[in-house]
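Working notes, structure below.
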Amino acid sequence: YSEFGSLMHHILEQFIKGNVLRESLIAYYESQWSVFIEHDLMKGDEIDFEKEQEYYDCGIDYLQNHLPDLSQFEILGVEKKVEFEIDGYNMIGFIDLLLKDKKTGEITIWDHKSSSMKFKKNGEPYKSEEHHWKDFQRQLYLYSVPVLKEYGRVDHLSWNLFRQGYVKTIDWNKEDFEEAKKWAVDTIHLIEQEEDWEPKEDFFYCRNLCGQKSSCPLMNKEINVDDLVSGDIDAIVLFLRATSYGPDFPIVVADPETGEQIETTVDLTTLKPK
(Lines give C-alpha, C1' and ligand atoms only; values in the text may rest on other atoms or scores of the structure.)
Protein backbone atom coordinates (compact mmCIF):
# COMPACT_ATOMS: atom_id res chain seq x y z
CA TYR A 1 0.00 0.00 0.00
CA SER A 2 2.67 2.51 1.02
CA GLU A 3 4.85 1.63 -1.96
CA PHE A 4 2.02 2.50 -4.34
CA GLY A 5 1.60 5.82 -2.55
CA SER A 6 5.33 6.54 -2.89
CA LEU A 7 5.19 5.69 -6.59
CA MET A 8 2.30 8.08 -7.25
CA HIS A 9 3.97 10.85 -5.23
CA HIS A 10 7.08 10.42 -7.35
CA ILE A 11 5.13 10.43 -10.64
CA LEU A 12 3.23 13.59 -9.66
CA GLU A 13 6.38 15.33 -8.48
CA GLN A 14 8.18 14.64 -11.77
CA PHE A 15 5.14 15.71 -13.82
CA ILE A 16 4.50 18.96 -11.93
CA LYS A 17 8.18 19.90 -12.05
CA GLY A 18 8.08 19.41 -15.81
CA ASN A 19 10.53 16.51 -15.84
CA VAL A 20 7.97 14.15 -17.43
CA LEU A 21 5.52 15.30 -20.10
CA ARG A 22 1.83 14.41 -19.94
CA GLU A 23 2.06 12.23 -23.05
CA SER A 24 4.91 10.26 -21.48
CA LEU A 25 3.30 9.67 -18.10
CA ILE A 26 1.92 6.17 -18.74
CA ALA A 27 5.23 4.89 -20.10
CA TYR A 28 7.06 6.45 -17.16
CA TYR A 29 4.56 4.96 -14.70
CA GLU A 30 5.05 1.51 -16.21
CA SER A 31 8.85 1.85 -16.05
CA GLN A 32 8.76 2.91 -12.40
CA TRP A 33 6.29 0.29 -11.17
CA SER A 34 8.88 -2.42 -10.51
CA VAL A 35 11.27 0.17 -9.03
CA PHE A 36 8.86 1.25 -6.29
CA ILE A 37 6.68 -1.84 -5.84
CA GLU A 38 9.10 -4.23 -4.18
CA HIS A 39 6.62 -6.40 -2.25
CA ASP A 40 3.60 -8.40 -3.32
CA LEU A 41 0.14 -7.78 -1.92
CA MET A 42 -0.84 -10.85 0.02
CA LYS A 43 -4.16 -12.61 0.63
CA GLY A 44 -3.33 -14.91 3.48
CA ASP A 45 -0.28 -16.85 2.33
CA GLU A 46 -0.90 -16.23 -1.37
CA ILE A 47 -0.16 -13.31 -3.64
CA ASP A 48 -3.30 -11.28 -4.34
CA PHE A 49 -2.79 -10.76 -8.07
CA GLU A 50 -6.28 -9.32 -8.47
CA LYS A 51 -5.67 -6.60 -5.88
CA GLU A 52 -2.25 -5.80 -7.38
CA GLN A 53 -3.87 -5.39 -10.80
CA GLU A 54 -6.54 -3.18 -9.26
CA TYR A 55 -3.89 -0.83 -7.86
CA TYR A 56 -1.95 -0.85 -11.13
CA ASP A 57 -5.08 -0.02 -13.14
CA CYS A 58 -6.03 2.67 -10.62
CA GLY A 59 -2.76 4.48 -11.30
CA ILE A 60 -3.26 4.23 -15.07
CA ASP A 61 -6.82 5.54 -14.82
CA TYR A 62 -5.76 8.50 -12.67
CA LEU A 63 -2.95 9.54 -14.99
CA GLN A 64 -5.15 9.21 -18.07
CA ASN A 65 -8.37 10.75 -16.79
CA HIS A 66 -8.00 12.62 -13.50
CA LEU A 67 -4.85 14.73 -13.52
CA PRO A 68 -5.72 18.16 -12.07
CA ASP A 69 -5.46 21.24 -14.26
CA LEU A 70 -2.96 23.52 -12.56
CA SER A 71 -2.75 26.15 -15.32
CA GLN A 72 -4.42 28.83 -13.17
CA PHE A 73 -1.79 28.48 -10.45
CA GLU A 74 1.75 29.60 -9.80
CA ILE A 75 3.64 26.68 -8.31
CA LEU A 76 5.35 27.80 -5.11
CA GLY A 77 6.72 24.42 -4.13
CA VAL A 78 6.73 20.72 -4.95
CA GLU A 79 7.68 18.32 -2.15
CA LYS A 80 8.67 21.51 -0.33
CA LYS A 81 10.61 20.86 2.87
CA VAL A 82 9.47 23.08 5.73
CA GLU A 83 11.05 23.50 9.14
CA PHE A 84 9.03 25.32 11.77
CA GLU A 85 8.42 25.70 15.48
CA ILE A 86 5.31 25.41 17.62
CA ASP A 87 5.62 26.40 21.30
CA GLY A 88 9.35 25.76 21.24
CA TYR A 89 9.09 22.35 19.55
CA ASN A 90 10.94 21.99 16.25
CA MET A 91 9.09 20.27 13.41
CA ILE A 92 9.89 19.22 9.86
CA GLY A 93 7.44 18.42 7.08
CA PHE A 94 7.19 18.08 3.31
CA ILE A 95 4.37 19.88 1.51
CA ASP A 96 3.43 17.85 -1.57
CA LEU A 97 2.29 20.90 -3.52
CA LEU A 98 1.96 24.60 -2.72
CA LEU A 99 -0.05 26.71 -5.15
CA LYS A 100 -0.90 30.38 -5.63
CA ASP A 101 -3.87 31.40 -7.74
CA LYS A 102 -2.57 33.72 -10.49
CA LYS A 103 -5.72 35.89 -10.42
CA THR A 104 -6.70 36.03 -6.76
CA GLY A 105 -3.38 35.44 -5.04
CA GLU A 106 -5.01 32.81 -2.84
CA ILE A 107 -2.68 30.10 -1.56
CA THR A 108 -3.60 26.42 -1.32
CA ILE A 109 -1.70 23.63 0.40
CA TRP A 110 -2.10 20.29 -1.40
CA ASP A 111 -1.53 16.80 -0.08
CA HIS A 112 -1.52 13.71 -2.31
CA LYS A 113 -3.27 10.80 -0.58
CA SER A 114 -3.42 7.13 -1.52
CA SER A 115 -6.06 6.58 1.19
CA SER A 116 -9.72 6.52 0.23
CA MET A 117 -12.19 8.83 1.91
CA LYS A 118 -15.98 8.73 1.65
CA PHE A 119 -18.04 11.93 1.91
CA LYS A 120 -21.77 12.61 2.14
CA LYS A 121 -23.58 14.69 -0.48
CA ASN A 122 -23.18 17.76 1.77
CA GLY A 123 -19.40 17.33 1.71
CA GLU A 124 -19.06 16.08 5.28
CA PRO A 125 -17.31 12.76 5.95
CA TYR A 126 -19.26 9.75 7.14
CA LYS A 127 -19.04 9.12 10.89
CA SER A 128 -16.69 6.17 10.35
CA GLU A 129 -14.30 8.52 8.53
CA GLU A 130 -14.35 11.45 10.97
CA HIS A 131 -11.20 10.51 12.91
CA HIS A 132 -9.32 9.79 9.68
CA TRP A 133 -10.48 13.10 8.20
CA LYS A 134 -9.44 15.02 11.32
CA ASP A 135 -5.91 13.61 10.99
CA PHE A 136 -5.81 14.74 7.35
CA GLN A 137 -6.79 18.28 8.35
CA ARG A 138 -4.40 18.56 11.28
CA GLN A 139 -1.43 17.69 9.07
CA LEU A 140 -2.10 20.51 6.62
CA TYR A 141 -3.03 23.00 9.34
CA LEU A 142 0.38 22.34 10.92
CA TYR A 143 2.01 22.89 7.53
CA SER A 144 0.20 26.24 7.50
CA VAL A 145 2.57 27.53 10.19
CA PRO A 146 5.62 27.93 7.91
CA VAL A 147 3.49 28.96 4.91
CA LEU A 148 1.91 31.80 6.91
CA LYS A 149 5.35 32.90 8.02
CA GLU A 150 6.71 32.90 4.45
CA TYR A 151 3.70 34.18 2.47
CA GLY A 152 1.43 35.77 5.06
CA ARG A 153 -1.66 33.78 4.10
CA VAL A 154 -3.23 30.35 3.54
CA ASP A 155 -6.68 30.26 1.97
CA HIS A 156 -7.45 26.64 1.14
CA LEU A 157 -6.41 23.08 1.98
CA SER A 158 -6.73 20.35 -0.68
CA TRP A 159 -6.36 16.60 -0.69
CA ASN A 160 -5.67 14.88 -3.99
CA LEU A 161 -7.32 11.49 -3.40
CA PHE A 162 -5.77 9.93 -6.49
CA ARG A 163 -7.16 6.43 -5.95
CA GLN A 164 -10.60 8.00 -6.25
CA GLY A 165 -9.68 10.54 -8.93
CA TYR A 166 -11.04 13.28 -6.70
CA VAL A 167 -9.71 16.49 -5.11
CA LYS A 168 -11.32 17.54 -1.82
CA THR A 169 -10.85 21.22 -0.92
CA ILE A 170 -11.86 23.18 2.18
CA ASP A 171 -11.42 26.79 3.20
CA TRP A 172 -8.67 27.50 5.72
CA ASN A 173 -10.14 28.11 9.16
CA LYS A 174 -8.33 29.85 12.04
CA GLU A 175 -10.23 27.96 14.73
CA ASP A 176 -9.20 24.59 13.28
CA PHE A 177 -5.66 25.92 12.79
CA GLU A 178 -5.39 26.74 16.50
CA GLU A 179 -6.90 23.37 17.43
CA ALA A 180 -4.29 21.53 15.34
CA LYS A 181 -1.42 23.39 17.01
CA LYS A 182 -2.84 22.68 20.47
CA TRP A 183 -3.33 19.01 19.57
CA ALA A 184 0.29 18.75 18.42
CA VAL A 185 1.68 20.27 21.62
CA ASP A 186 -0.67 18.25 23.85
CA THR A 187 0.38 15.06 22.06
CA ILE A 188 4.06 15.87 22.58
CA HIS A 189 3.40 16.47 26.29
CA LEU A 190 1.69 13.09 26.56
CA ILE A 191 4.66 11.40 24.93
CA GLU A 192 7.09 13.20 27.24
CA GLN A 193 5.13 12.14 30.32
CA GLU A 194 4.80 8.50 29.27
CA GLU A 195 6.90 6.06 31.27
CA ASP A 196 5.33 2.71 30.52
CA TRP A 197 5.31 2.04 26.77
CA GLU A 198 2.63 -0.61 26.51
CA PRO A 199 2.21 -1.99 22.98
CA LYS A 200 -1.10 -1.37 21.23
CA GLU A 201 -1.60 -4.34 18.98
CA ASP A 202 -3.59 -3.93 15.77
CA PHE A 203 -4.21 -7.41 14.38
CA PHE A 204 -4.21 -6.51 10.69
CA TYR A 205 -1.53 -3.82 10.76
CA CYS A 206 0.88 -5.75 12.95
CA ARG A 207 0.72 -8.89 10.81
CA ASN A 208 0.68 -7.27 7.38
CA LEU A 209 2.01 -3.73 7.27
CA CYS A 210 4.43 -3.18 10.14
CA GLY A 211 8.05 -3.11 9.01
CA GLN A 212 9.29 -4.31 12.41
CA LYS A 213 7.11 -7.39 12.82
CA SER A 214 10.02 -9.82 12.33
CA SER A 215 11.74 -8.46 15.45
CA CYS A 216 8.66 -7.59 17.52
CA PRO A 217 8.09 -9.74 20.64
CA LEU A 218 4.33 -9.55 20.08
CA MET A 219 4.69 -11.27 16.72
CA ASN A 220 7.00 -13.96 18.03
CA LYS A 221 5.08 -15.29 20.99
CA GLU A 222 2.83 -18.27 21.36
CA ILE A 223 -0.87 -17.43 21.43
CA ASN A 224 -3.10 -19.28 23.89
CA VAL A 225 -6.57 -19.33 22.34
CA ASP A 226 -8.12 -19.66 25.81
CA ASP A 227 -6.77 -16.20 26.61
CA LEU A 228 -8.59 -14.56 23.68
CA VAL A 229 -11.38 -12.14 24.55
CA SER A 230 -14.28 -11.17 22.29
CA GLY A 231 -12.36 -8.17 20.92
CA ASP A 232 -9.48 -10.43 19.89
CA ILE A 233 -11.90 -12.71 18.05
CA ASP A 234 -13.51 -9.75 16.28
CA ALA A 235 -10.06 -8.57 15.16
CA ILE A 236 -9.23 -12.04 13.83
CA VAL A 237 -12.51 -12.19 11.88
CA LEU A 238 -11.84 -8.76 10.33
CA PHE A 239 -8.28 -9.79 9.50
CA LEU A 240 -9.43 -12.99 7.80
CA ARG A 241 -12.10 -11.10 5.83
CA ALA A 242 -9.61 -8.43 4.72
CA THR A 243 -6.87 -10.85 3.72
CA SER A 244 -9.17 -13.36 2.05
CA TYR A 245 -11.42 -11.04 0.05
CA GLY A 246 -9.68 -7.68 0.27
CA PRO A 247 -10.05 -4.80 2.77
CA ASP A 248 -12.99 -3.09 1.00
CA PHE A 249 -16.26 -4.13 2.69
CA PRO A 250 -19.49 -2.89 1.05
CA ILE A 251 -22.32 -1.87 3.37
CA VAL A 252 -25.63 0.00 3.20
CA VAL A 253 -26.27 2.66 5.84
CA ALA A 254 -29.17 4.98 6.53
CA ASP A 255 -28.68 8.74 6.69
CA PRO A 256 -29.86 9.60 10.24
CA GLU A 257 -31.41 12.87 9.04
CA THR A 258 -33.21 11.80 5.86
CA GLY A 259 -33.42 8.01 6.18
CA GLU A 260 -31.87 7.72 2.70
CA GLN A 261 -30.21 4.36 2.06
CA ILE A 262 -26.59 4.98 1.07
CA GLU A 263 -24.24 2.42 -0.39
CA THR A 264 -20.67 2.86 0.77
CA THR A 265 -17.51 0.88 1.33
CA VAL A 266 -15.56 0.51 4.56
CA ASP A 267 -11.82 -0.06 4.40
CA LEU A 268 -11.33 -2.73 7.08
CA THR A 269 -7.68 -1.76 7.51
CA THR A 270 -8.74 1.65 8.90
CA LEU A 271 -10.81 0.20 11.78
CA LYS A 272 -9.07 0.86 15.07
CA PRO A 273 -9.56 -0.80 18.47
CA LYS A 274 -11.18 1.31 21.18
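Naming works like this for the C-alpha coordinates: A, B, ... for the chains as they're shown, residue 1 at the start of each chain, ligands 1 onward in shown order.
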
Near A:Tyr62, within 10 Å and counting only C-alpha atoms, which residues show up once chain neighbours fewer than 2 positions away are dropped, as a list in words?
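Non-adjacent residues within range: Met8, Asp57, Cys58, Gly59, Ile60, Gln64, Asn65, His66, Leu67, Pro68, Leu161, Phe162, Arg163, Gln164, Gly165 and Tyr166 of chain A.
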
Spatial neighbours of stretch 174-185 of chain A, max dist 8 Å, only C-alpha atoms, sep filter under 5 positions, as a list in words:
Ile86, Asp87, Tyr89, Arg138, Gln139, Tyr141, Leu142 and Ser144 of chain A

Those residues you just picked out, can you put them in a file as a PDB file, in the first residue's frame with N, CA and C atoms?
ATOM      1  N   ILE A  86       6.574  25.167  16.932  1.00  0.00           N
ATOM      2  CA  ILE A  86       5.311  25.406  17.624  1.00  0.00           C
ATOM      3  C   ILE A  86       5.573  25.283  19.116  1.00  0.00           C
ATOM      4  N   ASP A  87       5.387  26.365  19.846  1.00  0.00           N
ATOM      5  CA  ASP A  87       5.617  26.400  21.297  1.00  0.00           C
ATOM      6  C   ASP A  87       6.984  25.851  21.685  1.00  0.00           C
ATOM      7  N   TYR A  89       8.805  23.681  20.093  1.00  0.00           N
ATOM      8  CA  TYR A  89       9.091  22.350  19.551  1.00  0.00           C
ATOM      9  C   TYR A  89       9.391  22.465  18.058  1.00  0.00           C
ATOM     10  N   ARG A 138      -5.425  18.106  10.337  1.00  0.00           N
ATOM     11  CA  ARG A 138      -4.400  18.564  11.276  1.00  0.00           C
ATOM     12  C   ARG A 138      -3.037  18.644  10.601  1.00  0.00           C
ATOM     13  N   GLN A 139      -2.724  17.674   9.751  1.00  0.00           N
ATOM     14  CA  GLN A 139      -1.433  17.685   9.069  1.00  0.00           C
ATOM     15  C   GLN A 139      -1.244  18.972   8.267  1.00  0.00           C
ATOM     16  N   TYR A 141      -2.989  21.795   8.499  1.00  0.00           N
ATOM     17  CA  TYR A 141      -3.025  22.997   9.345  1.00  0.00           C
ATOM     18  C   TYR A 141      -1.665  23.235  10.002  1.00  0.00           C
ATOM     19  N   LEU A 142      -0.965  22.165  10.369  1.00  0.00           N
ATOM     20  CA  LEU A 142       0.384  22.338  10.920  1.00  0.00           C
ATOM     21  C   LEU A 142       1.332  22.864   9.846  1.00  0.00           C
ATOM     22  N   SER A 144       0.544  24.825   7.694  1.00  0.00           N
ATOM     23  CA  SER A 144       0.198  26.236   7.498  1.00  0.00           C
ATOM     24  C   SER A 144       1.126  27.163   8.263  1.00  0.00           C
TER      25      SER A 144
END

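Residues in contact with stretch 265-272 of chain A at up to 9 Å, not including ones fewer than 3 positions away on its chain and judged by only C-alpha atoms, are A:Ser116, A:Lys118, A:Ser128, A:Glu129, A:His132, A:Asp202, A:Phe204, A:Tyr205, A:Leu238, A:Phe239, A:Arg241, A:Ala242, A:Gly246, A:Pro247, A:Asp248, A:Phe249, A:Pro250, A:Ile251, A:Val252.
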
Can you write just those residues out, N, CA, C and O atoms, as a PDB file, in the first residue's frame?
ATOM      1  N   SER A 116      -8.383   6.173   0.724  1.00  0.00           N
ATOM      2  CA  SER A 116      -9.716   6.516   0.229  1.00  0.00           C
ATOM      3  C   SER A 116     -10.478   7.232   1.334  1.00  0.00           C
ATOM      4  O   SER A 116     -10.256   7.001   2.523  1.00  0.00           O
ATOM      5  N   LYS A 118     -14.602   8.640   2.110  1.00  0.00           N
ATOM      6  CA  LYS A 118     -15.981   8.733   1.654  1.00  0.00           C
ATOM      7  C   LYS A 118     -16.662   9.941   2.281  1.00  0.00           C
ATOM      8  O   LYS A 118     -16.567  10.153   3.488  1.00  0.00           O
ATOM      9  N   SER A 128     -17.809   7.118  10.265  1.00  0.00           N
ATOM     10  CA  SER A 128     -16.688   6.173  10.346  1.00  0.00           C
ATOM     11  C   SER A 128     -15.379   6.781   9.850  1.00  0.00           C
ATOM     12  O   SER A 128     -14.298   6.261  10.123  1.00  0.00           O
ATOM     13  N   GLU A 129     -15.476   7.887   9.110  1.00  0.00           N
ATOM     14  CA  GLU A 129     -14.296   8.522   8.527  1.00  0.00           C
ATOM     15  C   GLU A 129     -13.837   9.763   9.305  1.00  0.00           C
ATOM     16  O   GLU A 129     -12.800  10.346   8.990  1.00  0.00           O
ATOM     17  N   HIS A 132     -10.263   9.805  10.795  1.00  0.00           N
ATOM     18  CA  HIS A 132      -9.324   9.794   9.682  1.00  0.00           C
ATOM     19  C   HIS A 132      -9.249  11.190   9.049  1.00  0.00           C
ATOM     20  O   HIS A 132      -8.153  11.714   8.773  1.00  0.00           O
ATOM     21  N   ASP A 202      -2.553  -3.989  16.805  1.00  0.00           N
ATOM     22  CA  ASP A 202      -3.587  -3.931  15.774  1.00  0.00           C
ATOM     23  C   ASP A 202      -3.408  -5.176  14.913  1.00  0.00           C
ATOM     24  O   ASP A 202      -2.403  -5.328  14.224  1.00  0.00           O
ATOM     25  N   PHE A 204      -4.513  -6.557  12.115  1.00  0.00           N
ATOM     26  CA  PHE A 204      -4.210  -6.511  10.686  1.00  0.00           C
ATOM     27  C   PHE A 204      -2.893  -5.791  10.428  1.00  0.00           C
ATOM     28  O   PHE A 204      -2.028  -6.287   9.716  1.00  0.00           O
ATOM     29  N   TYR A 205      -2.738  -4.607  11.017  1.00  0.00           N
ATOM     30  CA  TYR A 205      -1.535  -3.819  10.756  1.00  0.00           C
ATOM     31  C   TYR A 205      -0.277  -4.566  11.192  1.00  0.00           C
ATOM     32  O   TYR A 205       0.712  -4.635  10.452  1.00  0.00           O
ATOM     33  N   LEU A 238     -12.075  -9.854  11.269  1.00  0.00           N
ATOM     34  CA  LEU A 238     -11.841  -8.761  10.330  1.00  0.00           C
ATOM     35  C   LEU A 238     -10.568  -8.992   9.522  1.00  0.00           C
ATOM     36  O   LEU A 238     -10.517  -8.724   8.319  1.00  0.00           O
ATOM     37  N   PHE A 239      -9.540  -9.493  10.185  1.00  0.00           N
ATOM     38  CA  PHE A 239      -8.277  -9.790   9.502  1.00  0.00           C
ATOM     39  C   PHE A 239      -8.485 -10.845   8.418  1.00  0.00           C
ATOM     40  O   PHE A 239      -8.022 -10.698   7.280  1.00  0.00           O
ATOM     41  N   ARG A 241     -11.277 -11.653   6.915  1.00  0.00           N
ATOM     42  CA  ARG A 241     -12.100 -11.096   5.831  1.00  0.00           C
ATOM     43  C   ARG A 241     -11.255 -10.212   4.915  1.00  0.00           C
ATOM     44  O   ARG A 241     -11.346 -10.297   3.683  1.00  0.00           O
ATOM     45  N   ALA A 242     -10.411  -9.360   5.515  1.00  0.00           N
ATOM     46  CA  ALA A 242      -9.611  -8.428   4.724  1.00  0.00           C
ATOM     47  C   ALA A 242      -8.565  -9.150   3.884  1.00  0.00           C
ATOM     48  O   ALA A 242      -8.312  -8.783   2.731  1.00  0.00           O
ATOM     49  N   GLY A 246     -10.056  -9.069   0.452  1.00  0.00           N
ATOM     50  CA  GLY A 246      -9.678  -7.679   0.272  1.00  0.00           C
ATOM     51  C   GLY A 246     -10.253  -6.810   1.376  1.00  0.00           C
ATOM     52  O   GLY A 246     -11.255  -7.163   2.011  1.00  0.00           O
ATOM     53  N   PRO A 247      -9.640  -5.634   1.650  1.00  0.00           N
ATOM     54  CA  PRO A 247     -10.054  -4.795   2.769  1.00  0.00           C
ATOM     55  C   PRO A 247     -11.336  -3.996   2.536  1.00  0.00           C
ATOM     56  O   PRO A 247     -11.918  -3.495   3.485  1.00  0.00           O
ATOM     57  N   ASP A 248     -11.785  -3.870   1.289  1.00  0.00           N
ATOM     58  CA  ASP A 248     -12.993  -3.089   1.000  1.00  0.00           C
ATOM     59  C   ASP A 248     -14.240  -3.910   1.308  1.00  0.00           C
ATOM     60  O   ASP A 248     -14.474  -4.974   0.724  1.00  0.00           O
ATOM     61  N   PHE A 249     -15.077  -3.404   2.241  1.00  0.00           N
ATOM     62  CA  PHE A 249     -16.261  -4.127   2.693  1.00  0.00           C
ATOM     63  C   PHE A 249     -17.499  -3.286   2.404  1.00  0.00           C
ATOM     64  O   PHE A 249     -17.739  -2.260   3.032  1.00  0.00           O
ATOM     65  N   PRO A 250     -18.318  -3.684   1.405  1.00  0.00           N
ATOM     66  CA  PRO A 250     -19.493  -2.886   1.045  1.00  0.00           C
ATOM     67  C   PRO A 250     -20.611  -3.007   2.082  1.00  0.00           C
ATOM     68  O   PRO A 250     -20.915  -4.101   2.576  1.00  0.00           O
ATOM     69  N   ILE A 251     -21.208  -1.885   2.424  1.00  0.00           N
ATOM     70  CA  ILE A 251     -22.321  -1.874   3.366  1.00  0.00           C
ATOM     71  C   ILE A 251     -23.372  -0.877   2.884  1.00  0.00           C
ATOM     72  O   ILE A 251     -23.113  -0.049   2.007  1.00  0.00           O
ATOM     73  N   VAL A 252     -24.563  -0.966   3.449  1.00  0.00           N
ATOM     74  CA  VAL A 252     -25.631   0.002   3.199  1.00  0.00           C
ATOM     75  C   VAL A 252     -25.999   0.629   4.536  1.00  0.00           C
ATOM     76  O   VAL A 252     -26.293  -0.082   5.506  1.00  0.00           O
TER      77      VAL A 252
END

Name the residues in contact with A:Leu98 at a cut-off of 7 Å, using only C-alpha atoms, excluding same-chain residues fewer than 3 positions from it; report them as a PyMOL selection string.
chain A and resi 75-78+95+108-110

What are the DSSP strand (DSSP E or B) residues of stretch 65-133 of chain A, as a VMD selection string?
chain A and resid 73 to 86 89 to 101 107 to 113 119 125

Please produce a file of those selected residues containing N, CA, C and O atoms, as a CSV table (one decimal), in the first residue's frame.
chain,number,residue,atom,x,y,z
A,73,PHE,N,-2.6,28.3,-11.6
A,73,PHE,CA,-1.8,28.5,-10.4
A,73,PHE,C,-0.3,28.7,-10.8
A,73,PHE,O,0.2,28.2,-11.7
A,74,GLU,N,0.3,29.5,-9.9
A,74,GLU,CA,1.7,29.6,-9.8
A,74,GLU,C,2.2,28.5,-8.8
A,74,GLU,O,1.6,28.4,-7.7
A,75,ILE,N,3.2,27.7,-9.2
A,75,ILE,CA,3.6,26.7,-8.3
A,75,ILE,C,4.7,27.2,-7.4
A,75,ILE,O,5.8,27.6,-7.8
A,76,LEU,N,4.4,27.3,-6.1
A,76,LEU,CA,5.3,27.8,-5.1
A,76,LEU,C,6.3,26.7,-4.6
A,76,LEU,O,7.4,27.1,-4.0
A,77,GLY,N,5.9,25.5,-4.7
A,77,GLY,CA,6.7,24.4,-4.1
A,77,GLY,C,6.2,23.1,-4.5
A,77,GLY,O,5.0,22.9,-4.5
A,78,VAL,N,7.1,22.1,-4.7
A,78,VAL,CA,6.7,20.7,-4.9
A,78,VAL,C,7.6,19.9,-4.0
A,78,VAL,O,8.8,20.0,-4.0
A,79,GLU,N,7.0,19.1,-3.2
A,79,GLU,CA,7.7,18.3,-2.1
A,79,GLU,C,8.6,19.3,-1.4
A,79,GLU,O,9.8,19.1,-1.1
A,80,LYS,N,8.0,20.4,-1.0
A,80,LYS,CA,8.7,21.5,-0.3
A,80,LYS,C,9.0,21.2,1.1
A,80,LYS,O,8.0,21.0,1.9
A,81,LYS,N,10.2,21.1,1.5
A,81,LYS,CA,10.6,20.9,2.9
A,81,LYS,C,10.4,22.1,3.7
A,81,LYS,O,10.8,23.2,3.3
A,82,VAL,N,9.7,22.0,4.8
A,82,VAL,CA,9.5,23.1,5.7
A,82,VAL,C,9.9,22.7,7.1
A,82,VAL,O,9.7,21.6,7.6
A,83,GLU,N,10.6,23.6,7.8
A,83,GLU,CA,11.1,23.5,9.1
A,83,GLU,C,10.4,24.6,9.9
A,83,GLU,O,10.5,25.8,9.6
A,84,PHE,N,9.8,24.3,11.0
A,84,PHE,CA,9.0,25.3,11.8
A,84,PHE,C,9.0,24.9,13.2
A,84,PHE,O,9.4,23.9,13.6
A,85,GLU,N,8.4,25.9,14.0
A,85,GLU,CA,8.4,25.7,15.5
A,85,GLU,C,7.0,26.0,16.0
A,85,GLU,O,6.4,26.9,15.6
A,86,ILE,N,6.6,25.2,16.9
A,86,ILE,CA,5.3,25.4,17.6
A,86,ILE,C,5.6,25.3,19.1
A,86,ILE,O,6.0,24.2,19.6
A,89,TYR,N,8.8,23.7,20.1
A,89,TYR,CA,9.1,22.4,19.6
A,89,TYR,C,9.4,22.5,18.1
A,89,TYR,O,8.6,23.0,17.3
A,90,ASN,N,10.5,21.9,17.6
A,90,ASN,CA,10.9,22.0,16.2
A,90,ASN,C,10.3,20.9,15.4
A,90,ASN,O,10.2,19.7,15.9
A,91,MET,N,9.8,21.2,14.3
A,91,MET,CA,9.1,20.3,13.4
A,91,MET,C,9.6,20.4,12.0
A,91,MET,O,10.0,21.4,11.5
A,92,ILE,N,9.5,19.3,11.3
A,92,ILE,CA,9.9,19.2,9.9
A,92,ILE,C,8.8,18.5,9.1
A,92,ILE,O,8.2,17.5,9.6
A,93,GLY,N,8.5,19.0,7.9
A,93,GLY,CA,7.4,18.4,7.1
A,93,GLY,C,7.8,18.6,5.6
A,93,GLY,O,8.7,19.4,5.3
A,94,PHE,N,7.0,17.9,4.8
A,94,PHE,CA,7.2,18.1,3.3
A,94,PHE,C,5.8,18.3,2.7
A,94,PHE,O,4.9,17.5,2.8
A,95,ILE,N,5.6,19.5,2.1
A,95,ILE,CA,4.4,19.9,1.5
A,95,ILE,C,4.4,19.3,0.1
A,95,ILE,O,5.3,19.7,-0.7
A,96,ASP,N,3.4,18.5,-0.2
A,96,ASP,CA,3.4,17.9,-1.6
A,96,ASP,C,3.3,18.9,-2.7
A,96,ASP,O,4.0,18.8,-3.7
A,97,LEU,N,2.5,19.9,-2.5
A,97,LEU,CA,2.3,20.9,-3.5
A,97,LEU,C,1.8,22.2,-2.9
A,97,LEU,O,0.8,22.1,-2.1
A,98,LEU,N,2.4,23.3,-3.2
A,98,LEU,CA,2.0,24.6,-2.7
A,98,LEU,C,1.7,25.5,-3.9
A,98,LEU,O,2.5,25.7,-4.8
A,99,LEU,N,0.4,26.0,-4.0
A,99,LEU,CA,-0.1,26.7,-5.1
A,99,LEU,C,-0.5,28.1,-4.8
A,99,LEU,O,-1.1,28.3,-3.7
A,100,LYS,N,-0.4,29.0,-5.8
A,100,LYS,CA,-0.9,30.4,-5.6
A,100,LYS,C,-1.7,30.7,-6.9
A,100,LYS,O,-1.2,30.6,-8.0
A,101,ASP,N,-3.0,31.1,-6.6
A,101,ASP,CA,-3.9,31.4,-7.7
A,101,ASP,C,-3.4,32.7,-8.4
A,101,ASP,O,-3.1,33.7,-7.8
A,107,ILE,N,-3.7,31.2,-1.7
A,107,ILE,CA,-2.7,30.1,-1.6
A,107,ILE,C,-3.4,28.8,-1.0
A,107,ILE,O,-4.2,28.9,-0.1
A,108,THR,N,-3.0,27.7,-1.7
A,108,THR,CA,-3.6,26.4,-1.3
A,108,THR,C,-2.5,25.4,-1.0
A,108,THR,O,-1.5,25.3,-1.8
A,109,ILE,N,-2.6,24.7,0.1
A,109,ILE,CA,-1.7,23.6,0.4
A,109,ILE,C,-2.3,22.3,-0.1
A,109,ILE,O,-3.5,22.0,0.3
A,110,TRP,N,-1.6,21.6,-0.9
A,110,TRP,CA,-2.1,20.3,-1.4
A,110,TRP,C,-1.4,19.1,-0.7
A,110,TRP,O,-0.2,19.2,-0.4
A,111,ASP,N,-2.1,18.0,-0.6
A,111,ASP,CA,-1.5,16.8,-0.1
A,111,ASP,C,-2.0,15.7,-1.0
A,111,ASP,O,-3.3,15.5,-1.1
A,112,HIS,N,-1.1,14.9,-1.5
A,112,HIS,CA,-1.5,13.7,-2.3
A,112,HIS,C,-1.8,12.5,-1.4
A,112,HIS,O,-0.9,12.2,-0.5
A,113,LYS,N,-2.9,11.9,-1.5
A,113,LYS,CA,-3.3,10.8,-0.6
A,113,LYS,C,-3.6,9.5,-1.4
A,113,LYS,O,-4.5,9.6,-2.3
A,119,PHE,N,-17.4,10.7,1.4
A,119,PHE,CA,-18.0,11.9,1.9
A,119,PHE,C,-19.5,11.8,1.6
A,119,PHE,O,-19.9,11.2,0.6
A,125,PRO,N,-17.7,14.2,6.0
A,125,PRO,CA,-17.3,12.8,6.0
A,125,PRO,C,-18.3,11.9,6.7
A,125,PRO,O,-19.0,12.4,7.6

Counting only C-alpha atoms, the option among A:Trp197, A:Tyr126, A:Tyr29, A:Trp133 closest to A:Asp61
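Between A:Trp197, A:Tyr126, A:Tyr29, A:Trp133, the residue approaching A:Asp61 most closely is A:Tyr29.
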
Please report, as a PyMOL selection string, each residue of stretch 119-242 of chain A to which DSSP assigns helix (DSSP H, G or I) when run on this structure's backbone.
chain A and resi 127-151+174-193+203-208+217-220+225-227+230-242
